[in-house]
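Please read the structure below before turning to the comments.
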Amino acid sequence: MNWTEIEIYTATEGVDILCASLMDLGIKGFSIKDSNDFNEFLQNKDGKWDYIDDDLMGLKNCETSVTVYIPDNSQGAETLIAIKALLKNMKENDINNTFGRLEIESLQVKEEDWANNWKQYFKPLKIGKKLLIKPSWESYDNEDDRITLEIDPASSFGTGQHNTTKLCLELMEKSLNPNDKVLDLGCGSGILSIGAMLLGADSATAVDIEENAVSIARENAEKNNISNEKYKVYCGDVISNKELTENIGSGYDLITANIVADVLIAMKNLFKTFIRKNGILIISGIIIERKDEVVSEILSAGFEIIEIAESEGWAAVKFKEI
């Protein structure tokens, strides 16, 4: 397998939080360069260190960075989109400049080429028993007459290629009833809420903290001939924006949230506010190592487990409101 090296420039104070956030995206290994750490080592090294290579001495004045490696395939392409969204959100909320410039450099893919190069990984994909996810630029002979969801994620997460999205769609297909009212929190490209509409939902509301994601979700809904009357899109942070939560409303039959562990935990009581009695909640974006922690928090908010699905280090969980 080929790999892409991604170097993220940050500041000493932001390294730990940045690494923790990257772990929630499924990244488990880091290489950290930090001049402060290296200079501290130089001051405190004992007599065992007679010689230090010139290349290492370059760390004395280096800019702090965290380097990760992602696979050069469809999952890696989704992960890079998620990393970009994470850094954008961190930068926008970094009032005290804790995290430095939060810019990316890649050894294999130039920034200006990314918008087109990532498309090579996105091909038509069958998910569950009914859906076919197809990028807008690909043709496909739909011989088995699947429901076609045409999508162009652009710079937003959600092509169906990532395990978190596939798990969510598969659980949703088995859970959705005709004419259900659906809420998609952290909608990204809109793939989950649009998929719900194509599978028979009566209406869907999609919410994301990123304005870009909201625009992309709306465009993808139009691509799939879903009317504005049936598909509502909101931009904002449901955790802190009370007006937004009021606009979203309540009584949803099915809620999906494919985000990260910490945000899912922070939303646990909001799920209860939005969902109807005995409604279905499907959460995903959870690395296996944090599955038990997240499940415990959601159970404490008044839900019971119906099903757990896992794939390649990721988990999605289906709950019922009680």
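Letters A, B, ... go to the chains of the structure tokens in the order shown; residues in each chain start at 1; ligands are counted from 1 in the same order.
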Point to revise | Residues of range 206-319 of chain A in strand (DSSP E or B), written as a ChimeraX atom specification | key: /A:206-208,231-235,252-258,275-287,303-311,314-319
Residues of range 190-243 of chain A within 12 Å of range 261-284 of chain A: nearest atom pair and distance (Å, one decimal) for each, counting only C-alpha atoms, sorted by chain and number, as CSV?
residue,atom,partner,partner_atom,distance
A:Leu192,CA,A:Ile282,CA,10.7
A:Thr205,CA,A:Phe274,CA,11.2
A:Ile209,CA,A:Val263,CA,11.6
A:Asp237,CA,A:Met267,CA,10.4
A:Val238,CA,A:Met267,CA,8.1
A:Ile239,CA,A:Met267,CA,6.5
A:Ser240,CA,A:Met267,CA,10.2
A:Asn241,CA,A:Leu270,CA,11.5
A:Lys242,CA,A:Leu270,CA,10.7
Practice item. Have a look at A:Gly249, A:Gly29, A:Gly186, A:Gly195 and name the one nearest to Gly236 in chain A; count only C-alpha atoms. Key: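 Distance minimum relative to Gly236 in chain A lands on A:Gly186.
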Point to revise | Atom-to-atom span, CA of Ser35 in chain A and CA of Ile17 in chain A, Å | key: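 Interatomic distance, CA of Ser35 in chain A to CA of Ile17 in chain A: 17.9 Å.
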Thr12 in chain A environment, 12 Å, only C-alpha atoms, sequence neighbours closer than 5 positions dropped, as a CSV table (one decimal) with C-alpha atoms, in the first residue's frame:
chain,number,residue,atom,x,y,z
A,17,ILE,CA,-5.0,18.6,21.7
A,18,LEU,CA,-4.3,18.4,18.0
A,19,CYS,CA,-3.1,14.8,18.4
A,32,ILE,CA,6.2,15.3,16.3
A,33,LYS,CA,8.9,18.0,15.7
A,34,ASP,CA,9.2,20.6,18.4
A,35,SER,CA,12.2,22.9,19.0
A,36,ASN,CA,11.2,23.5,22.6
A,37,ASP,CA,11.3,19.7,23.4
A,38,PHE,CA,14.6,19.3,21.5
A,62,CYS,CA,12.3,24.0,13.5
A,63,GLU,CA,8.6,25.0,13.4
A,64,THR,CA,6.5,22.7,15.5
A,65,SER,CA,4.6,20.2,13.5
A,66,VAL,CA,2.7,16.9,13.7
A,97,ASN,CA,-3.4,31.4,18.8
A,98,THR,CA,-2.8,28.3,20.8
A,99,PHE,CA,-2.5,26.1,17.7
A,100,GLY,CA,-0.3,28.2,15.4
A,101,ARG,CA,-1.0,28.4,11.7
A,102,LEU,CA,-2.5,24.9,11.3
